[in-house]
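Dropping target_24.cif in here (mmCIF, N, CA and C atoms):
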```cif
data_coords
loop_
_atom_site.label_atom_id
_atom_site.label_comp_id
_atom_site.auth_asym_id
_atom_site.auth_seq_id
_atom_site.Cartn_x
_atom_site.Cartn_y
_atom_site.Cartn_z
N GLN A 23 12.96 -6.48 24.24
CA GLN A 23 12.95 -6.92 22.85
C GLN A 23 11.53 -7.03 22.33
N VAL A 24 11.45 -6.96 21.02
CA VAL A 24 10.17 -7.08 20.32
C VAL A 24 10.26 -8.23 19.33
N GLN A 25 9.25 -9.07 19.32
CA GLN A 25 9.17 -10.15 18.34
C GLN A 25 8.04 -9.83 17.36
N LEU A 26 8.33 -10.04 16.08
CA LEU A 26 7.37 -9.76 15.02
C LEU A 26 7.18 -11.01 14.17
N VAL A 27 5.94 -11.38 13.94
CA VAL A 27 5.65 -12.56 13.12
C VAL A 27 4.66 -12.18 12.04
N GLU A 28 5.11 -12.31 10.78
CA GLU A 28 4.24 -11.98 9.64
C GLU A 28 3.47 -13.22 9.18
N SER A 29 2.34 -12.97 8.55
CA SER A 29 1.57 -14.03 7.92
C SER A 29 0.71 -13.42 6.83
N GLY A 30 0.20 -14.28 5.95
CA GLY A 30 -0.75 -13.82 4.95
C GLY A 30 -0.22 -13.74 3.53
N GLY A 31 1.06 -14.02 3.34
CA GLY A 31 1.60 -13.97 1.98
C GLY A 31 1.09 -15.15 1.15
N GLY A 32 1.42 -15.13 -0.14
CA GLY A 32 1.01 -16.22 -1.00
C GLY A 32 1.06 -15.85 -2.46
N LEU A 33 0.44 -16.69 -3.27
CA LEU A 33 0.38 -16.48 -4.72
C LEU A 33 -1.01 -15.94 -5.08
N VAL A 34 -1.02 -14.87 -5.85
CA VAL A 34 -2.29 -14.26 -6.26
C VAL A 34 -2.16 -13.79 -7.70
N GLN A 35 -3.26 -13.78 -8.41
CA GLN A 35 -3.26 -13.31 -9.79
C GLN A 35 -3.26 -11.79 -9.84
N PRO A 36 -2.76 -11.23 -10.92
CA PRO A 36 -2.83 -9.77 -11.08
C PRO A 36 -4.26 -9.26 -10.91
N GLY A 37 -4.39 -8.16 -10.18
CA GLY A 37 -5.70 -7.61 -9.89
C GLY A 37 -6.31 -8.15 -8.61
N GLY A 38 -5.70 -9.16 -8.04
CA GLY A 38 -6.22 -9.77 -6.83
C GLY A 38 -5.83 -9.03 -5.57
N SER A 39 -6.20 -9.60 -4.43
CA SER A 39 -5.96 -8.98 -3.13
C SER A 39 -5.35 -9.97 -2.15
N LEU A 40 -4.59 -9.42 -1.22
CA LEU A 40 -4.05 -10.18 -0.10
C LEU A 40 -4.03 -9.27 1.12
N ARG A 41 -4.11 -9.87 2.30
CA ARG A 41 -3.93 -9.10 3.52
C ARG A 41 -2.81 -9.73 4.34
N LEU A 42 -1.80 -8.91 4.61
CA LEU A 42 -0.69 -9.35 5.45
C LEU A 42 -0.96 -8.93 6.89
N SER A 43 -0.50 -9.77 7.81
CA SER A 43 -0.62 -9.47 9.23
C SER A 43 0.76 -9.53 9.88
N CYS A 44 0.96 -8.71 10.89
CA CYS A 44 2.20 -8.71 11.66
C CYS A 44 1.82 -8.64 13.14
N ALA A 45 2.05 -9.75 13.84
CA ALA A 45 1.75 -9.80 15.26
C ALA A 45 2.99 -9.46 16.07
N ALA A 46 2.84 -8.51 16.97
CA ALA A 46 3.96 -8.06 17.80
C ALA A 46 3.80 -8.59 19.22
N SER A 47 4.94 -8.92 19.83
CA SER A 47 4.94 -9.36 21.22
C SER A 47 6.22 -8.89 21.87
N GLY A 48 6.27 -9.01 23.18
CA GLY A 48 7.45 -8.55 23.91
C GLY A 48 7.26 -7.13 24.42
N SER A 49 8.27 -6.30 24.24
CA SER A 49 8.24 -4.92 24.76
C SER A 49 7.50 -3.99 23.80
N ILE A 50 6.24 -4.29 23.58
CA ILE A 50 5.46 -3.54 22.59
C ILE A 50 5.22 -2.10 23.03
N PHE A 51 5.34 -1.83 24.31
CA PHE A 51 5.13 -0.46 24.81
C PHE A 51 6.19 0.49 24.24
N SER A 52 7.31 -0.06 23.80
CA SER A 52 8.41 0.76 23.30
C SER A 52 8.27 1.09 21.81
N ILE A 53 7.27 0.52 21.16
CA ILE A 53 7.08 0.74 19.72
C ILE A 53 6.39 2.08 19.49
N TYR A 54 6.98 2.93 18.63
CA TYR A 54 6.30 4.18 18.30
C TYR A 54 5.88 4.24 16.83
N ALA A 55 6.37 3.32 16.03
CA ALA A 55 5.94 3.27 14.63
C ALA A 55 6.20 1.86 14.10
N MET A 56 5.35 1.45 13.17
CA MET A 56 5.53 0.16 12.51
C MET A 56 5.37 0.36 11.02
N GLY A 57 5.98 -0.53 10.29
CA GLY A 57 5.91 -0.39 8.84
C GLY A 57 6.06 -1.71 8.12
N TRP A 58 5.76 -1.64 6.84
CA TRP A 58 5.96 -2.77 5.93
C TRP A 58 7.01 -2.36 4.90
N TYR A 59 7.98 -3.22 4.72
CA TYR A 59 9.00 -3.05 3.70
C TYR A 59 8.90 -4.26 2.76
N ARG A 60 9.48 -4.10 1.59
CA ARG A 60 9.55 -5.24 0.68
C ARG A 60 10.88 -5.25 -0.06
N GLN A 61 11.27 -6.45 -0.45
CA GLN A 61 12.51 -6.60 -1.21
C GLN A 61 12.30 -7.61 -2.32
N ALA A 62 12.44 -7.14 -3.54
CA ALA A 62 12.34 -8.01 -4.70
C ALA A 62 13.74 -8.52 -5.05
N PRO A 63 13.82 -9.63 -5.76
CA PRO A 63 15.14 -10.18 -6.12
C PRO A 63 15.98 -9.16 -6.86
N GLY A 64 17.21 -8.97 -6.39
CA GLY A 64 18.13 -8.05 -7.05
C GLY A 64 17.89 -6.59 -6.76
N LYS A 65 16.95 -6.30 -5.88
CA LYS A 65 16.64 -4.90 -5.57
C LYS A 65 16.83 -4.63 -4.09
N ARG A 66 16.93 -3.34 -3.77
CA ARG A 66 17.09 -2.95 -2.38
C ARG A 66 15.74 -3.04 -1.65
N ARG A 67 15.84 -3.22 -0.34
CA ARG A 67 14.63 -3.22 0.46
C ARG A 67 14.05 -1.81 0.47
N GLU A 68 12.73 -1.71 0.28
CA GLU A 68 12.09 -0.40 0.21
C GLU A 68 10.90 -0.32 1.16
N LEU A 69 10.65 0.88 1.63
CA LEU A 69 9.51 1.12 2.51
C LEU A 69 8.24 1.15 1.67
N VAL A 70 7.25 0.40 2.10
CA VAL A 70 5.97 0.35 1.41
C VAL A 70 4.94 1.24 2.12
N ALA A 71 4.81 1.06 3.41
CA ALA A 71 3.84 1.83 4.18
C ALA A 71 4.29 1.84 5.63
N ARG A 72 3.84 2.88 6.36
CA ARG A 72 4.25 3.05 7.74
C ARG A 72 3.10 3.68 8.51
N ILE A 73 2.99 3.31 9.79
CA ILE A 73 1.95 3.90 10.63
C ILE A 73 2.55 4.17 12.01
N THR A 74 2.29 5.36 12.53
CA THR A 74 2.81 5.71 13.84
C THR A 74 1.82 5.32 14.92
N SER A 75 2.25 5.43 16.18
CA SER A 75 1.36 5.11 17.29
C SER A 75 0.18 6.06 17.33
N GLY A 76 0.35 7.25 16.75
CA GLY A 76 -0.75 8.21 16.70
C GLY A 76 -1.67 8.02 15.53
N GLY A 77 -1.34 7.06 14.66
CA GLY A 77 -2.20 6.76 13.52
C GLY A 77 -1.82 7.45 12.23
N THR A 78 -0.75 8.21 12.23
CA THR A 78 -0.31 8.86 10.99
C THR A 78 0.26 7.80 10.04
N THR A 79 -0.16 7.87 8.79
CA THR A 79 0.27 6.88 7.81
C THR A 79 1.09 7.50 6.69
N TYR A 80 1.92 6.65 6.11
CA TYR A 80 2.73 7.05 4.95
C TYR A 80 2.68 5.89 3.96
N TYR A 81 2.61 6.23 2.67
CA TYR A 81 2.63 5.22 1.62
C TYR A 81 3.64 5.59 0.54
N ALA A 82 4.31 4.59 0.03
CA ALA A 82 5.14 4.81 -1.15
C ALA A 82 4.22 5.15 -2.33
N ASP A 83 4.71 5.97 -3.23
CA ASP A 83 3.90 6.38 -4.37
C ASP A 83 3.40 5.19 -5.17
N SER A 84 4.20 4.15 -5.24
CA SER A 84 3.86 2.99 -6.06
C SER A 84 2.67 2.20 -5.54
N VAL A 85 2.29 2.43 -4.27
CA VAL A 85 1.17 1.65 -3.69
C VAL A 85 0.01 2.52 -3.26
N LYS A 86 0.14 3.83 -3.37
CA LYS A 86 -0.95 4.72 -2.95
C LYS A 86 -2.23 4.41 -3.71
N GLY A 87 -3.32 4.35 -2.96
CA GLY A 87 -4.61 4.05 -3.56
C GLY A 87 -4.90 2.58 -3.71
N ARG A 88 -3.88 1.75 -3.51
CA ARG A 88 -4.07 0.29 -3.64
C ARG A 88 -3.86 -0.44 -2.31
N PHE A 89 -2.94 0.04 -1.50
CA PHE A 89 -2.61 -0.61 -0.23
C PHE A 89 -3.12 0.24 0.93
N THR A 90 -3.51 -0.43 2.01
CA THR A 90 -3.94 0.27 3.22
C THR A 90 -3.28 -0.37 4.43
N ILE A 91 -2.60 0.45 5.21
CA ILE A 91 -1.97 -0.03 6.44
C ILE A 91 -2.87 0.31 7.62
N SER A 92 -2.94 -0.60 8.59
CA SER A 92 -3.76 -0.35 9.78
C SER A 92 -3.18 -1.14 10.94
N ARG A 93 -3.66 -0.83 12.12
CA ARG A 93 -3.21 -1.57 13.29
C ARG A 93 -4.36 -1.75 14.26
N ASP A 94 -4.36 -2.89 14.94
CA ASP A 94 -5.34 -3.20 15.97
C ASP A 94 -4.56 -3.27 17.28
N ASN A 95 -4.62 -2.20 18.06
CA ASN A 95 -3.83 -2.15 19.29
C ASN A 95 -4.26 -3.20 20.30
N ALA A 96 -5.52 -3.57 20.30
CA ALA A 96 -6.00 -4.58 21.24
C ALA A 96 -5.38 -5.94 20.94
N LYS A 97 -5.07 -6.17 19.66
CA LYS A 97 -4.48 -7.46 19.26
C LYS A 97 -2.98 -7.36 19.02
N ASN A 98 -2.43 -6.14 19.20
CA ASN A 98 -1.00 -5.93 18.94
C ASN A 98 -0.61 -6.40 17.55
N THR A 99 -1.45 -6.09 16.60
CA THR A 99 -1.26 -6.58 15.24
C THR A 99 -1.39 -5.44 14.24
N MET A 100 -0.52 -5.47 13.25
CA MET A 100 -0.57 -4.51 12.14
C MET A 100 -0.96 -5.26 10.88
N TYR A 101 -1.64 -4.57 9.99
CA TYR A 101 -2.11 -5.21 8.76
C TYR A 101 -1.68 -4.40 7.54
N LEU A 102 -1.62 -5.08 6.41
CA LEU A 102 -1.44 -4.41 5.13
C LEU A 102 -2.44 -5.04 4.17
N GLN A 103 -3.48 -4.29 3.85
CA GLN A 103 -4.45 -4.75 2.86
C GLN A 103 -3.94 -4.32 1.49
N MET A 104 -3.74 -5.30 0.63
CA MET A 104 -3.19 -5.04 -0.69
C MET A 104 -4.23 -5.39 -1.75
N ASN A 105 -4.66 -4.40 -2.49
CA ASN A 105 -5.65 -4.60 -3.55
C ASN A 105 -5.03 -4.25 -4.90
N SER A 106 -5.70 -4.68 -5.95
CA SER A 106 -5.24 -4.40 -7.33
C SER A 106 -3.76 -4.74 -7.49
N LEU A 107 -3.39 -5.89 -7.03
CA LEU A 107 -1.98 -6.28 -7.05
C LEU A 107 -1.44 -6.40 -8.46
N LYS A 108 -0.18 -6.04 -8.61
CA LYS A 108 0.51 -6.08 -9.89
C LYS A 108 1.72 -7.00 -9.80
N PRO A 109 2.18 -7.52 -10.93
CA PRO A 109 3.37 -8.38 -10.89
C PRO A 109 4.56 -7.69 -10.22
N GLU A 110 4.67 -6.39 -10.38
CA GLU A 110 5.80 -5.67 -9.77
C GLU A 110 5.69 -5.55 -8.25
N ASP A 111 4.57 -5.98 -7.68
CA ASP A 111 4.45 -6.04 -6.22
C ASP A 111 5.07 -7.32 -5.66
N THR A 112 5.49 -8.22 -6.52
CA THR A 112 6.10 -9.46 -6.08
C THR A 112 7.39 -9.17 -5.31
N ALA A 113 7.46 -9.70 -4.10
CA ALA A 113 8.62 -9.45 -3.23
C ALA A 113 8.42 -10.21 -1.92
N VAL A 114 9.47 -10.22 -1.14
CA VAL A 114 9.34 -10.65 0.26
C VAL A 114 8.98 -9.40 1.07
N TYR A 115 7.91 -9.50 1.82
CA TYR A 115 7.42 -8.37 2.62
C TYR A 115 7.84 -8.58 4.07
N TYR A 116 8.42 -7.53 4.65
CA TYR A 116 8.92 -7.58 6.01
C TYR A 116 8.18 -6.58 6.89
N CYS A 117 7.88 -7.01 8.07
CA CYS A 117 7.30 -6.15 9.10
C CYS A 117 8.45 -5.51 9.88
N ASN A 118 8.27 -4.25 10.23
CA ASN A 118 9.31 -3.51 10.95
C ASN A 118 8.68 -2.75 12.11
N ALA A 119 9.41 -2.66 13.21
CA ALA A 119 8.96 -1.86 14.35
C ALA A 119 10.10 -0.97 14.81
N ASP A 120 9.83 0.32 14.90
CA ASP A 120 10.80 1.28 15.44
C ASP A 120 10.45 1.53 16.90
N THR A 121 11.47 1.52 17.75
CA THR A 121 11.22 1.64 19.17
C THR A 121 11.89 2.89 19.76
N THR A 122 11.47 3.22 20.95
CA THR A 122 12.01 4.40 21.63
C THR A 122 13.46 4.22 22.06
N SER A 123 13.96 3.00 21.98
CA SER A 123 15.37 2.76 22.28
C SER A 123 16.24 2.92 21.04
N SER A 124 15.63 3.42 19.96
CA SER A 124 16.32 3.63 18.68
C SER A 124 16.73 2.33 18.01
N TYR A 125 16.16 1.22 18.46
CA TYR A 125 16.46 -0.05 17.83
C TYR A 125 15.27 -0.46 16.96
N ALA A 126 15.56 -0.98 15.78
CA ALA A 126 14.51 -1.43 14.88
C ALA A 126 14.46 -2.95 14.86
N TYR A 127 13.27 -3.48 14.90
CA TYR A 127 13.08 -4.93 14.87
C TYR A 127 12.43 -5.32 13.55
N TRP A 128 12.73 -6.56 13.13
CA TRP A 128 12.23 -7.05 11.85
C TRP A 128 11.61 -8.43 12.01
N GLY A 129 10.59 -8.69 11.21
CA GLY A 129 10.05 -10.02 11.14
C GLY A 129 10.85 -10.87 10.17
N GLN A 130 10.43 -12.11 10.00
CA GLN A 130 11.18 -13.04 9.17
C GLN A 130 10.86 -12.89 7.69
N GLY A 131 9.79 -12.20 7.37
CA GLY A 131 9.41 -11.97 5.98
C GLY A 131 8.38 -12.97 5.50
N THR A 132 7.55 -12.52 4.57
CA THR A 132 6.56 -13.39 3.96
C THR A 132 6.53 -13.11 2.46
N GLN A 133 6.51 -14.16 1.67
CA GLN A 133 6.60 -14.02 0.22
C GLN A 133 5.23 -13.68 -0.37
N VAL A 134 5.23 -12.68 -1.21
CA VAL A 134 4.05 -12.32 -2.00
C VAL A 134 4.42 -12.45 -3.47
N THR A 135 3.68 -13.27 -4.19
CA THR A 135 3.93 -13.48 -5.62
C THR A 135 2.66 -13.15 -6.39
N VAL A 136 2.80 -12.24 -7.33
CA VAL A 136 1.66 -11.84 -8.17
C VAL A 136 1.94 -12.33 -9.59
N SER A 137 1.21 -13.32 -10.00
CA SER A 137 1.48 -13.93 -11.30
C SER A 137 0.23 -14.65 -11.80
N SER A 138 0.09 -14.68 -13.11
CA SER A 138 -1.02 -15.43 -13.71
C SER A 138 -0.56 -16.83 -14.09
#
```

Could you write out this structure as structure tokens?
Amino acid sequence: QVQLVESGGGLVQPGGSLRLSCAASGSIFSIYAMGWYRQAPGKRRELVARITSGGTTYYADSVKGRFTISRDNAKNTMYLQMNSLKPEDTAVYYCNADTTSSYAYWGQGTQVTVSS
């Protein structure tokens, strides 16, 4: 099993920045990709960014140029640097890990609110 713990959410003004962290523990050797998803009230959960074990990244069009996903393998931690935040970025952000056993693990979520 894999355990994921997110941190770093909060309230920020439009144009501001936040950095989310996702610490992984357990059977981390089985992880081949990790990602950040978000879910706003009344909307479906959507993929924001993803990074593979080889370092290949993917970004949703809505965050390209503003968000950066990265991982520190020594710390077993993934990050999402979010800049130029907009009110429409407000959501609960979830960390996800895809494993070689075809099972996906999720963190508990962290709230990001962008408001003046």

Original post:
Using only N, CA and C atoms, which residues sit within 5 Å of Cys117 (chain A) once same-chain residues fewer than 2 positions away are excluded, as a ChimeraX atom specification?
Top reply: /A:57-58,115,119,128-129

**OP:** Name the residues that the PyMOL selection byres ((chain A and resi 110) around 8) picks from the file above, as a PyMOL selection string, using the file's chain letters and numbers.
**Re:** chain A and resi 62+107-109+111-113+136-137

**OP:** Expand the PyMOL selection byres ((chain A and resi 105) around 7) into the individual residues it matches in the shown file, reporting them as a ChimeraX atom specification.
**Re:** /A:37-40,87-90,103-104,106-108

The selected residues should be written to file as an mmCIF file, in the coordinates of the input (atoms: N, CA and C atoms).
```
data_model
loop_
_atom_site.group_PDB
_atom_site.id
_atom_site.type_symbol
_atom_site.label_atom_id
_atom_site.label_comp_id
_atom_site.auth_asym_id
_atom_site.auth_seq_id
_atom_site.Cartn_x
_atom_site.Cartn_y
_atom_site.Cartn_z
ATOM 1 N N GLY A 37 -4.390 -8.160 -10.180
ATOM 2 C CA GLY A 37 -5.700 -7.610 -9.890
ATOM 3 C C GLY A 37 -6.310 -8.150 -8.610
ATOM 4 N N GLY A 38 -5.700 -9.160 -8.040
ATOM 5 C CA GLY A 38 -6.220 -9.770 -6.830
ATOM 6 C C GLY A 38 -5.830 -9.030 -5.570
ATOM 7 N N SER A 39 -6.200 -9.600 -4.430
ATOM 8 C CA SER A 39 -5.960 -8.980 -3.130
ATOM 9 C C SER A 39 -5.350 -9.970 -2.150
ATOM 10 N N LEU A 40 -4.590 -9.420 -1.220
ATOM 11 C CA LEU A 40 -4.050 -10.180 -0.100
ATOM 12 C C LEU A 40 -4.030 -9.270 1.120
ATOM 13 N N GLY A 87 -3.320 4.350 -2.960
ATOM 14 C CA GLY A 87 -4.610 4.050 -3.560
ATOM 15 C C GLY A 87 -4.900 2.580 -3.710
ATOM 16 N N ARG A 88 -3.880 1.750 -3.510
ATOM 17 C CA ARG A 88 -4.070 0.290 -3.640
ATOM 18 C C ARG A 88 -3.860 -0.440 -2.310
ATOM 19 N N PHE A 89 -2.940 0.040 -1.500
ATOM 20 C CA PHE A 89 -2.610 -0.610 -0.230
ATOM 21 C C PHE A 89 -3.120 0.240 0.930
ATOM 22 N N THR A 90 -3.510 -0.430 2.010
ATOM 23 C CA THR A 90 -3.940 0.270 3.220
ATOM 24 C C THR A 90 -3.280 -0.370 4.430
ATOM 25 N N GLN A 103 -3.480 -4.290 3.850
ATOM 26 C CA GLN A 103 -4.450 -4.750 2.860
ATOM 27 C C GLN A 103 -3.940 -4.320 1.490
ATOM 28 N N MET A 104 -3.740 -5.300 0.630
ATOM 29 C CA MET A 104 -3.190 -5.040 -0.690
ATOM 30 C C MET A 104 -4.230 -5.390 -1.750
ATOM 31 N N SER A 106 -5.700 -4.680 -5.950
ATOM 32 C CA SER A 106 -5.240 -4.400 -7.330
ATOM 33 C C SER A 106 -3.760 -4.740 -7.490
ATOM 34 N N LEU A 107 -3.390 -5.890 -7.030
ATOM 35 C CA LEU A 107 -1.980 -6.280 -7.050
ATOM 36 C C LEU A 107 -1.440 -6.400 -8.460
ATOM 37 N N LYS A 108 -0.180 -6.040 -8.610
ATOM 38 C CA LYS A 108 0.510 -6.080 -9.890
ATOM 39 C C LYS A 108 1.720 -7.000 -9.800
#
```

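Shortest separation to Ser92 (chain A) among A:Asp120, A:Arg72, A:Ile53, A:Arg60 occurs at residue A:Arg72, atoms counted being all atoms listed in the file.
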
**OP:** State, in Å with one decimal place, the distance from atom N of Arg67 (chain A) to CA of Asn118 (chain A).
**Re:** 13.0 Å

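With only N, CA and C atoms as the atoms that count, the residue of A:Ser123, A:Gln23, A:Ser29, A:Thr132 with the shortest distance to Ile50 (chain A) is A:Gln23.
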
Would you mind writing region 125-136 of chain A with all heavy atoms, as a compact mmCIF listing (two decimals), in the frame of the given file?
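Now in part37.txt:
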```txt
# COMPACT_ATOMS: atom_id res chain seq x y z
N TYR A 125 16.16 1.22 18.46
CA TYR A 125 16.46 -0.05 17.83
C TYR A 125 15.27 -0.46 16.96
O TYR A 125 14.12 -0.31 17.37
CB TYR A 125 16.73 -1.12 18.88
CG TYR A 125 17.36 -2.37 18.31
CD1 TYR A 125 18.72 -2.45 18.10
CD2 TYR A 125 16.57 -3.47 17.98
CE1 TYR A 125 19.29 -3.58 17.56
CE2 TYR A 125 17.14 -4.61 17.44
CZ TYR A 125 18.49 -4.67 17.24
OH TYR A 125 19.05 -5.79 16.69
N ALA A 126 15.56 -0.98 15.78
CA ALA A 126 14.51 -1.43 14.88
C ALA A 126 14.46 -2.95 14.86
O ALA A 126 15.51 -3.61 14.81
CB ALA A 126 14.76 -0.90 13.48
N TYR A 127 13.27 -3.48 14.90
CA TYR A 127 13.08 -4.93 14.87
C TYR A 127 12.43 -5.32 13.55
O TYR A 127 11.67 -4.54 12.96
CB TYR A 127 12.20 -5.38 16.04
CG TYR A 127 12.86 -5.21 17.37
CD1 TYR A 127 12.75 -4.02 18.08
CD2 TYR A 127 13.62 -6.25 17.94
CE1 TYR A 127 13.37 -3.85 19.31
CE2 TYR A 127 14.23 -6.08 19.16
CZ TYR A 127 14.11 -4.89 19.84
OH TYR A 127 14.74 -4.73 21.04
N TRP A 128 12.73 -6.56 13.13
CA TRP A 128 12.23 -7.05 11.85
C TRP A 128 11.61 -8.43 12.01
O TRP A 128 12.08 -9.23 12.82
CB TRP A 128 13.36 -7.15 10.83
CG TRP A 128 13.96 -5.83 10.47
CD1 TRP A 128 14.98 -5.19 11.10
CD2 TRP A 128 13.54 -4.96 9.41
NE1 TRP A 128 15.23 -3.98 10.49
CE2 TRP A 128 14.36 -3.82 9.45
CE3 TRP A 128 12.55 -5.04 8.42
CZ2 TRP A 128 14.24 -2.76 8.55
CZ3 TRP A 128 12.42 -3.99 7.53
CH2 TRP A 128 13.25 -2.86 7.59
N GLY A 129 10.59 -8.69 11.21
CA GLY A 129 10.05 -10.02 11.14
C GLY A 129 10.85 -10.87 10.17
O GLY A 129 11.82 -10.40 9.57
N GLN A 130 10.43 -12.11 10.00
CA GLN A 130 11.18 -13.04 9.17
C GLN A 130 10.86 -12.89 7.69
O GLN A 130 11.59 -13.41 6.84
CB GLN A 130 10.90 -14.49 9.61
CG GLN A 130 9.60 -15.08 9.09
CD GLN A 130 8.36 -14.57 9.81
OE1 GLN A 130 8.45 -13.77 10.75
NE2 GLN A 130 7.19 -15.04 9.38
N GLY A 131 9.79 -12.20 7.37
CA GLY A 131 9.41 -11.97 5.98
C GLY A 131 8.38 -12.97 5.50
O GLY A 131 8.33 -14.12 5.96
N THR A 132 7.55 -12.52 4.57
CA THR A 132 6.56 -13.39 3.96
C THR A 132 6.53 -13.11 2.46
O THR A 132 6.55 -11.95 2.04
CB THR A 132 5.17 -13.20 4.60
OG1 THR A 132 4.24 -14.14 4.05
CG2 THR A 132 4.62 -11.79 4.37
N GLN A 133 6.51 -14.16 1.67
CA GLN A 133 6.60 -14.02 0.22
C GLN A 133 5.23 -13.68 -0.37
O GLN A 133 4.23 -14.33 -0.07
CB GLN A 133 7.10 -15.33 -0.42
CG GLN A 133 7.15 -15.32 -1.93
CD GLN A 133 8.24 -14.42 -2.48
OE1 GLN A 133 9.38 -14.43 -2.00
NE2 GLN A 133 7.90 -13.61 -3.49
N VAL A 134 5.23 -12.68 -1.21
CA VAL A 134 4.05 -12.32 -2.00
C VAL A 134 4.42 -12.45 -3.47
O VAL A 134 5.38 -11.82 -3.93
CB VAL A 134 3.58 -10.89 -1.71
CG1 VAL A 134 2.48 -10.47 -2.69
CG2 VAL A 134 3.08 -10.78 -0.27
N THR A 135 3.68 -13.27 -4.19
CA THR A 135 3.93 -13.48 -5.62
C THR A 135 2.66 -13.15 -6.39
O THR A 135 1.61 -13.72 -6.12
CB THR A 135 4.36 -14.92 -5.90
OG1 THR A 135 5.54 -15.22 -5.15
CG2 THR A 135 4.66 -15.11 -7.39
N VAL A 136 2.80 -12.24 -7.33
CA VAL A 136 1.66 -11.84 -8.17
C VAL A 136 1.94 -12.33 -9.59
O VAL A 136 2.83 -11.82 -10.27
CB VAL A 136 1.45 -10.32 -8.15
CG1 VAL A 136 0.20 -9.96 -8.95
CG2 VAL A 136 1.34 -9.82 -6.72
```
